[in-house]
Amino acid sequence: MSKNTDNLQVIKVITRERPYDVLVGSNLLDQVGTEVRTAVGGDAAFVVTDTNVGPLYLRRVEQSLADAGYRTVSITIPAGEQHKRLDTFGTIVEAMAEAGLTRSSVVVALGGGVVGDMAGFAAASYMRGVCVVQVPTSLLAMVDSSVGGKTAIDLDAGKNLVGAFHQPSLVLADVGCLSTLHPDVFVDGIGEVVKHAVLADADLFDELAAHPLSQDGDPAYLARIVARNVEIKRNVVAADERELGLRQTLNLGHTIGHAVEAASDFKLGHGHCVAIGLCAVARAAEGLGWCEPGLSTRIERCVEAQGLPIDTDLPHEMLLSFAVRDKKRRASHVNLVVARDIADVDIRSVSVEELARVIELGCASALRRS
Ligand SMILES: NC(=O)c1ccc[n+]([C@@H]2O[C@H](COP(=O)([O-])OP(=O)(O)OC[C@H]3O[C@@H](n4cnc5c(N)ncnc54)[C@H](O)[C@@H]3O)[C@@H](O)[C@H]2O)c1
Ligand SMILES: [Zn+2]
């Protein structure tokens, strides 16, 4: 392991495909080459990045890979979810072929969740699978999308409709990258951090309720928070790699969250919507006697402390119609993840009528109160 890397935390992930390490720390970008060499080996490295991240970090990563003996080729794709599409995917795999990549080459995804998902899917598909190393640069990518092996692109019909399970060979999260994120994008990523805390860690929850995360805060602190989130996701995913049961608990806040996201025409960030979803379900759960009294106020305080919204005034009928369109729907029922308490969640199969009641009790109720 690298000696000159600060605040290094190593999380080991065991999967059926392969075990891999998630390294979290600062100044890790300069170690990408040696770490990829140790974890994967190979001859050529193909770096995928985007037009925001590339100018900031590509040169350092390419230099590090070259120093470790890799022939390095890179592609910079336009930044943004609107480019997580088939045509960009086509451009990436064509460039991989043109660069003469073989099955002993490695793809390095340097960017947020969009780059991670697309580079991951390109690596899963090219020659039926080459190794991918995830180098997440956004908070969301560090705590969520880079771990778990899901890769995807969007279609006209919906988000993430084409993809593959393809586990990374290594994940390197350099928390120093967080300082250059747009502040709104950083705060948006905290939505999933709060979700993880509600799901599995009462201490983390209390810490988040007391201290807002800062993107240029103490790197050791940030590394510890990111590493704890990776562990939480790892623990859930390890128990259910293919999303058959337990992994659904990661959807906490997402049934209502996705509905808010769609109803806002994707103007509100995903993490903001998850935060609203967490609070809305907690308020409804309390009204229905499904959770500890006082839980919704605790969750609202934590969400507010992190600068995220706790409610929406979007019309209930609109939210319901989007919520039942959610892909997690099974027949006439929807699987709704409900917290009974912090670090104690339940998957409830609710009818459309019950979901309507959840929305009625949970949404706009905090706004009415204030
Ligand atoms: N595969 C999974 O399991 C999984 C899980 C959750 C989300 N996702 C996917 O992740 C995507 C969202 O990820 P995201 O929020 O990282 O979006 P993103 O990749 O679009 O990044 C957000 C913005 O920040 C910029 N950026 C990233 N890192 C930066 C840095 N260090 N400095 C400056 N700018 C930087 C990007 O260029 C972009 O403009 C969605 O497409 C979602 O579907 C996947
Ligand atoms: Zn999410």
# chains A, B, ... in the order shown; residues from 1 in each chain; ligands from 1
call {"tool": "residues_near_ligand", "arguments": {"ligand": "ligand 2", "cutoff": "10 Å", "atoms": "only C-alpha atoms and all ligand atoms", "output": "list in words"}}
result
Leu140, Asp144, Ser145, Gly189, Gly191, Glu192, Val193, Lys195, Leu250, Asn251, Leu252, Gly253, His254, Gly257, His258, His270, Gly271, His272, Cys273, Val274 and Ala275 of chain A
call {"tool": "residues_around", "arguments": {"residues": "Gln9 (chain A)", "least_positions_apart": "6", "cutoff": "9 Å", "atoms": "only C-alpha atoms", "output": "PyMOL selection string"}}
result
chain A and resi 22-25+223-224+227
call {"tool": "closest_atom_pairs", "arguments": {"of": "chain A", "to": "ligand 1", "cutoff": "7 Å", "atoms": "only C-alpha atoms and all ligand atoms", "output": "tab-separated table"}}
result
residue	atom	partner	partner_atom_place_in_ligand_line	distance
A:Asp50	CA	ligand 1	37 (O)	5.8
A:Thr51	CA	ligand 1	37 (O)	6.4
A:Asn52	CA	ligand 1	37 (O)	4.4
A:Val53	CA	ligand 1	35 (C)	5.2
A:Ala79	CA	ligand 1	37 (O)	4.7
A:Gly80	CA	ligand 1	20 (O)	4.5
A:Glu81	CA	ligand 1	20 (O)	5.3
A:Lys84	CA	ligand 1	41 (O)	6.8
A:Gly111	CA	ligand 1	28 (N)	5.1
A:Gly112	CA	ligand 1	19 (O)	3.2
A:Gly113	CA	ligand 1	13 (O)	3.2
A:Val114	CA	ligand 1	19 (O)	3.8
A:Val115	CA	ligand 1	19 (O)	5.6
A:Asp117	CA	ligand 1	1 (N)	5.4
A:Thr137	CA	ligand 1	28 (N)	4.2
A:Ser138	CA	ligand 1	28 (N)	4.1
A:Leu139	CA	ligand 1	16 (O)	6.8
A:Leu140	CA	ligand 1	16 (O)	5.1
A:Ala141	CA	ligand 1	16 (O)	4.9
A:Asp144	CA	ligand 1	5 (C)	5.3
A:Ser145	CA	ligand 1	4 (C)	3.6
A:Ser146	CA	ligand 1	1 (N)	6.3
A:Val147	CA	ligand 1	3 (O)	6.7
A:Gly148	CA	ligand 1	3 (O)	6.0
A:Gly149	CA	ligand 1	3 (O)	6.6
A:Lys150	CA	ligand 1	1 (N)	4.2
A:Thr151	CA	ligand 1	1 (N)	4.8
A:Ala152	CA	ligand 1	1 (N)	6.7
A:Lys159	CA	ligand 1	43 (O)	6.9
A:Asn160	CA	ligand 1	43 (O)	6.3
A:Cys177	CA	ligand 1	31 (N)	4.2
A:Leu178	CA	ligand 1	31 (N)	5.0
A:Ser179	CA	ligand 1	31 (N)	6.8
A:Thr180	CA	ligand 1	32 (N)	4.1
A:Leu181	CA	ligand 1	33 (C)	3.8
A:His182	CA	ligand 1	34 (N)	6.2
A:Val185	CA	ligand 1	22 (C)	6.0
A:Gly189	CA	ligand 1	15 (O)	6.5
call {"tool": "atom_distance", "arguments": {"atom1": "CA of Gly362 (chain A)", "atom2": "CA of Lys233 (chain A)"}}
result
26.3 Å
call {"tool": "select_by_dssp", "arguments": {"residues": "region 9-224 of chain A", "states": "alpha helix (DSSP H)", "output": "ChimeraX atom specification"}}
result
/A:32-39,59-67,86-98,113-125,139-140,183-200,202-210,219-224
call {"tool": "residues_around", "arguments": {"residues": "Asn7 (chain A)", "least_positions_apart": "2", "cutoff": "12 Å", "atoms": "only C-alpha atoms", "output": "MDAnalysis selection string"}}
result
chainID A and resid 2:5 9:10 23:28 173:176 218:227
call {"tool": "atom_distance", "arguments": {"atom1": "CA of Leu208 (chain A)", "atom2": "CA of Arg247 (chain A)"}}
result
23.2 Å
call {"tool": "atom_distance", "arguments": {"atom1": "CA of Gly287 (chain A)", "atom2": "CA of Arg325 (chain A)"}}
result
24.6 Å
call {"tool": "residues_around", "arguments": {"residues": "Ala97 (chain A)", "least_positions_apart": "5", "cutoff": "10 Å", "atoms": "only C-alpha atoms", "output": "PyMOL selection string"}}
result
chain A and resi 92+102+126-127
call {"tool": "write_last_selection", "arguments": {"atoms": "N, CA and C atoms", "output": "CSV table (one decimal), in the first residue's frame"}}
result
chain,number,residue,atom,x,y,z
A,92,ILE,N,-17.3,6.3,-27.1
A,92,ILE,CA,-16.3,5.7,-26.1
A,92,ILE,C,-15.8,4.3,-26.6
A,102,THR,N,-7.1,-4.1,-25.6
A,102,THR,CA,-7.3,-5.6,-25.6
A,102,THR,C,-7.9,-5.9,-24.3
A,126,TYR,N,-17.1,-3.9,-23.9
A,126,TYR,CA,-16.0,-3.9,-24.9
A,126,TYR,C,-15.3,-5.3,-24.8
A,127,MET,N,-15.3,-6.0,-25.8
A,127,MET,CA,-14.7,-7.4,-25.9
A,127,MET,C,-15.3,-8.3,-24.8
call {"tool": "residues_around", "arguments": {"residues": "Val350 (chain A)", "least_positions_apart": "6", "cutoff": "7 Å", "atoms": "only C-alpha atoms", "output": "ChimeraX atom specification"}}
result
/A:333-336
call {"tool": "write_last_selection", "arguments": {"atoms": "N, CA and C atoms", "output": "PDB file, in the first residue's frame"}}
result
ATOM      1  N   HIS A 333     -48.730  -3.433  -6.186  1.00  0.00           N
ATOM      2  CA  HIS A 333     -48.114  -2.905  -4.973  1.00  0.00           C
ATOM      3  C   HIS A 333     -46.750  -2.281  -5.257  1.00  0.00           C
ATOM      4  N   VAL A 334     -46.342  -1.419  -4.368  1.00  0.00           N
ATOM      5  CA  VAL A 334     -45.028  -0.771  -4.466  1.00  0.00           C
ATOM      6  C   VAL A 334     -44.247  -1.138  -3.208  1.00  0.00           C
ATOM      7  N   ASN A 335     -42.974  -1.500  -3.386  1.00  0.00           N
ATOM      8  CA  ASN A 335     -42.145  -1.753  -2.204  1.00  0.00           C
ATOM      9  C   ASN A 335     -41.641  -0.430  -1.677  1.00  0.00           C
ATOM     10  N   LEU A 336     -42.096  -0.099  -0.477  1.00  0.00           N
ATOM     11  CA  LEU A 336     -41.711   1.170   0.130  1.00  0.00           C
ATOM     12  C   LEU A 336     -40.786   0.893   1.310  1.00  0.00           C
TER      13      LEU A 336
END
call {"tool": "closest_residue", "arguments": {"among": "A:Ile299, A:Ile75, A:Val194, A:Val40", "to": "Pro168 (chain A)", "atoms": "only C-alpha atoms"}}
result
A:Val40
call {"tool": "residues_around", "arguments": {"residues": "Thr72 (chain A)", "least_positions_apart": "5", "cutoff": "6 Å", "atoms": "only C-alpha atoms", "output": "PyMOL selection string"}}
result
chain A and resi 44-46
call {"tool": "write_last_selection", "arguments": {"atoms": "C-alpha atoms", "output": "short mmCIF file (atom, residue, chain, number, x, y, z; two decimals), in the first residue's frame"}}
result
data_model
loop_
_atom_site.label_atom_id
_atom_site.label_comp_id
_atom_site.auth_asym_id
_atom_site.auth_seq_id
_atom_site.Cartn_x
_atom_site.Cartn_y
_atom_site.Cartn_z
CA ALA A 44 -2.73 0.08 -21.66
CA ALA A 45 -4.96 2.38 -19.62
CA PHE A 46 -7.92 4.13 -21.18
#
call {"tool": "residues_around", "arguments": {"residues": "Arg59 (chain A)", "least_positions_apart": "2", "cutoff": "12 Å", "atoms": "only C-alpha atoms", "output": "PDB file with N, CA and C atoms, in the first residue's frame"}}
result
ATOM      1  N   LEU A  29      -4.798  10.811  -6.206  1.00  0.00           N
ATOM      2  CA  LEU A  29      -4.734  10.852  -7.673  1.00  0.00           C
ATOM      3  C   LEU A  29      -3.323  10.556  -8.186  1.00  0.00           C
ATOM      4  N   ASP A  30      -2.321  10.958  -7.421  1.00  0.00           N
ATOM      5  CA  ASP A  30      -0.948  10.710  -7.870  1.00  0.00           C
ATOM      6  C   ASP A  30      -0.536   9.260  -7.665  1.00  0.00           C
ATOM      7  N   VAL A  32      -2.675   6.747  -8.582  1.00  0.00           N
ATOM      8  CA  VAL A  32      -3.536   5.905  -9.422  1.00  0.00           C
ATOM      9  C   VAL A  32      -2.699   4.858 -10.159  1.00  0.00           C
ATOM     10  N   VAL A  47      -8.446   6.250 -20.126  1.00  0.00           N
ATOM     11  CA  VAL A  47      -9.095   7.102 -19.125  1.00  0.00           C
ATOM     12  C   VAL A  47     -10.315   7.784 -19.745  1.00  0.00           C
ATOM     13  N   THR A  49     -13.080  10.664 -19.007  1.00  0.00           N
ATOM     14  CA  THR A  49     -13.402  11.772 -18.104  1.00  0.00           C
ATOM     15  C   THR A  49     -14.378  12.709 -18.809  1.00  0.00           C
ATOM     16  N   VAL A  53     -14.192  17.740 -15.378  1.00  0.00           N
ATOM     17  CA  VAL A  53     -13.192  17.058 -14.542  1.00  0.00           C
ATOM     18  C   VAL A  53     -11.845  16.962 -15.260  1.00  0.00           C
ATOM     19  N   GLY A  54     -11.901  16.735 -16.572  1.00  0.00           N
ATOM     20  CA  GLY A  54     -10.667  16.558 -17.342  1.00  0.00           C
ATOM     21  C   GLY A  54      -9.663  17.691 -17.149  1.00  0.00           C
ATOM     22  N   PRO A  55     -10.097  18.955 -17.363  1.00  0.00           N
ATOM     23  CA  PRO A  55      -9.132  20.054 -17.227  1.00  0.00           C
ATOM     24  C   PRO A  55      -8.518  20.139 -15.825  1.00  0.00           C
ATOM     25  N   LEU A  56      -9.233  19.646 -14.814  1.00  0.00           N
ATOM     26  CA  LEU A  56      -8.735  19.753 -13.438  1.00  0.00           C
ATOM     27  C   LEU A  56      -7.790  18.613 -13.053  1.00  0.00           C
ATOM     28  N   TYR A  57      -8.092  17.397 -13.493  1.00  0.00           N
ATOM     29  CA  TYR A  57      -7.392  16.233 -12.924  1.00  0.00           C
ATOM     30  C   TYR A  57      -6.802  15.241 -13.924  1.00  0.00           C
ATOM     31  N   VAL A  61      -3.596  12.251 -13.451  1.00  0.00           N
ATOM     32  CA  VAL A  61      -3.899  10.813 -13.517  1.00  0.00           C
ATOM     33  C   VAL A  61      -3.121  10.161 -14.667  1.00  0.00           C
ATOM     34  N   GLU A  62      -3.068  10.846 -15.806  1.00  0.00           N
ATOM     35  CA  GLU A  62      -2.310  10.293 -16.946  1.00  0.00           C
ATOM     36  C   GLU A  62      -0.831  10.161 -16.601  1.00  0.00           C
ATOM     37  N   GLN A  63      -0.312  11.184 -15.923  1.00  0.00           N
ATOM     38  CA  GLN A  63       1.112  11.151 -15.542  1.00  0.00           C
ATOM     39  C   GLN A  63       1.390   9.975 -14.612  1.00  0.00           C
ATOM     40  N   SER A  64       0.521   9.801 -13.655  1.00  0.00           N
ATOM     41  CA  SER A  64       0.686   8.720 -12.685  1.00  0.00           C
ATOM     42  C   SER A  64       0.634   7.350 -13.377  1.00  0.00           C
ATOM     43  N   LEU A  65      -0.288   7.212 -14.339  1.00  0.00           N
ATOM     44  CA  LEU A  65      -0.398   5.945 -15.086  1.00  0.00           C
ATOM     45  C   LEU A  65       0.843   5.729 -15.954  1.00  0.00           C
ATOM     46  N   ALA A  66       1.310   6.791 -16.605  1.00  0.00           N
ATOM     47  CA  ALA A  66       2.506   6.674 -17.457  1.00  0.00           C
ATOM     48  C   ALA A  66       3.723   6.300 -16.603  1.00  0.00           C
ATOM     49  N   THR A  72      -1.028   5.221 -22.199  1.00  0.00           N
ATOM     50  CA  THR A  72      -2.251   5.882 -21.738  1.00  0.00           C
ATOM     51  C   THR A  72      -2.959   6.616 -22.869  1.00  0.00           C
ATOM     52  N   VAL A  73      -4.254   6.357 -22.992  1.00  0.00           N
ATOM     53  CA  VAL A  73      -5.094   7.050 -23.972  1.00  0.00           C
ATOM     54  C   VAL A  73      -6.282   7.593 -23.185  1.00  0.00           C
ATOM     55  N   SER A  74      -6.785   8.774 -23.578  1.00  0.00           N
ATOM     56  CA  SER A  74      -7.940   9.285 -22.827  1.00  0.00           C
ATOM     57  C   SER A  74      -9.013   9.808 -23.768  1.00  0.00           C
ATOM     58  N   THR A  76     -12.404  12.601 -23.473  1.00  0.00           N
ATOM     59  CA  THR A  76     -13.137  13.554 -22.648  1.00  0.00           C
ATOM     60  C   THR A  76     -14.523  13.730 -23.253  1.00  0.00           C
ATOM     61  N   LEU A 110     -12.720   8.523 -14.573  1.00  0.00           N
ATOM     62  CA  LEU A 110     -12.328   9.676 -13.762  1.00  0.00           C
ATOM     63  C   LEU A 110     -13.431  10.727 -13.842  1.00  0.00           C
TER      64      LEU A 110
END
call {"tool": "closest_residue", "arguments": {"among": "A:Thr91, A:Gly100, A:Val338, A:Arg71", "to": "Gly289 (chain A)", "atoms": "only C-alpha atoms"}}
result
A:Val338
call {"tool": "closest_residue", "arguments": {"among": "A:His316, A:Ala280, A:Gln306, A:Glu353", "to": "Val337 (chain A)", "atoms": "only C-alpha atoms"}}
result
A:Ala280
call {"tool": "select_by_dssp", "arguments": {"residues": "region 178-340 of chain A", "states": "strand (DSSP E or B)", "output": "list in words"}}
result
Arg329, Arg330, His333, Val334, Asn335, Leu336, Val337, Val338, Ala339 and Arg340 of chain A
call {"tool": "write_last_selection", "arguments": {"atoms": "C-alpha atoms", "output": "tab-separated table (two decimals), in the first residue's frame"}}
result
chain	number	residue	atom	x	y	z
A	329	ARG	CA	-43.25	-1.37	-8.66
A	330	ARG	CA	-44.40	-4.98	-8.33
A	333	HIS	CA	-48.11	-2.90	-4.97
A	334	VAL	CA	-45.03	-0.77	-4.47
A	335	ASN	CA	-42.15	-1.75	-2.20
A	336	LEU	CA	-41.71	1.17	0.13
A	337	VAL	CA	-38.67	1.33	2.39
A	338	VAL	CA	-39.68	2.74	5.77
A	339	ALA	CA	-37.45	3.56	8.74
A	340	ARG	CA	-38.87	2.27	12.04
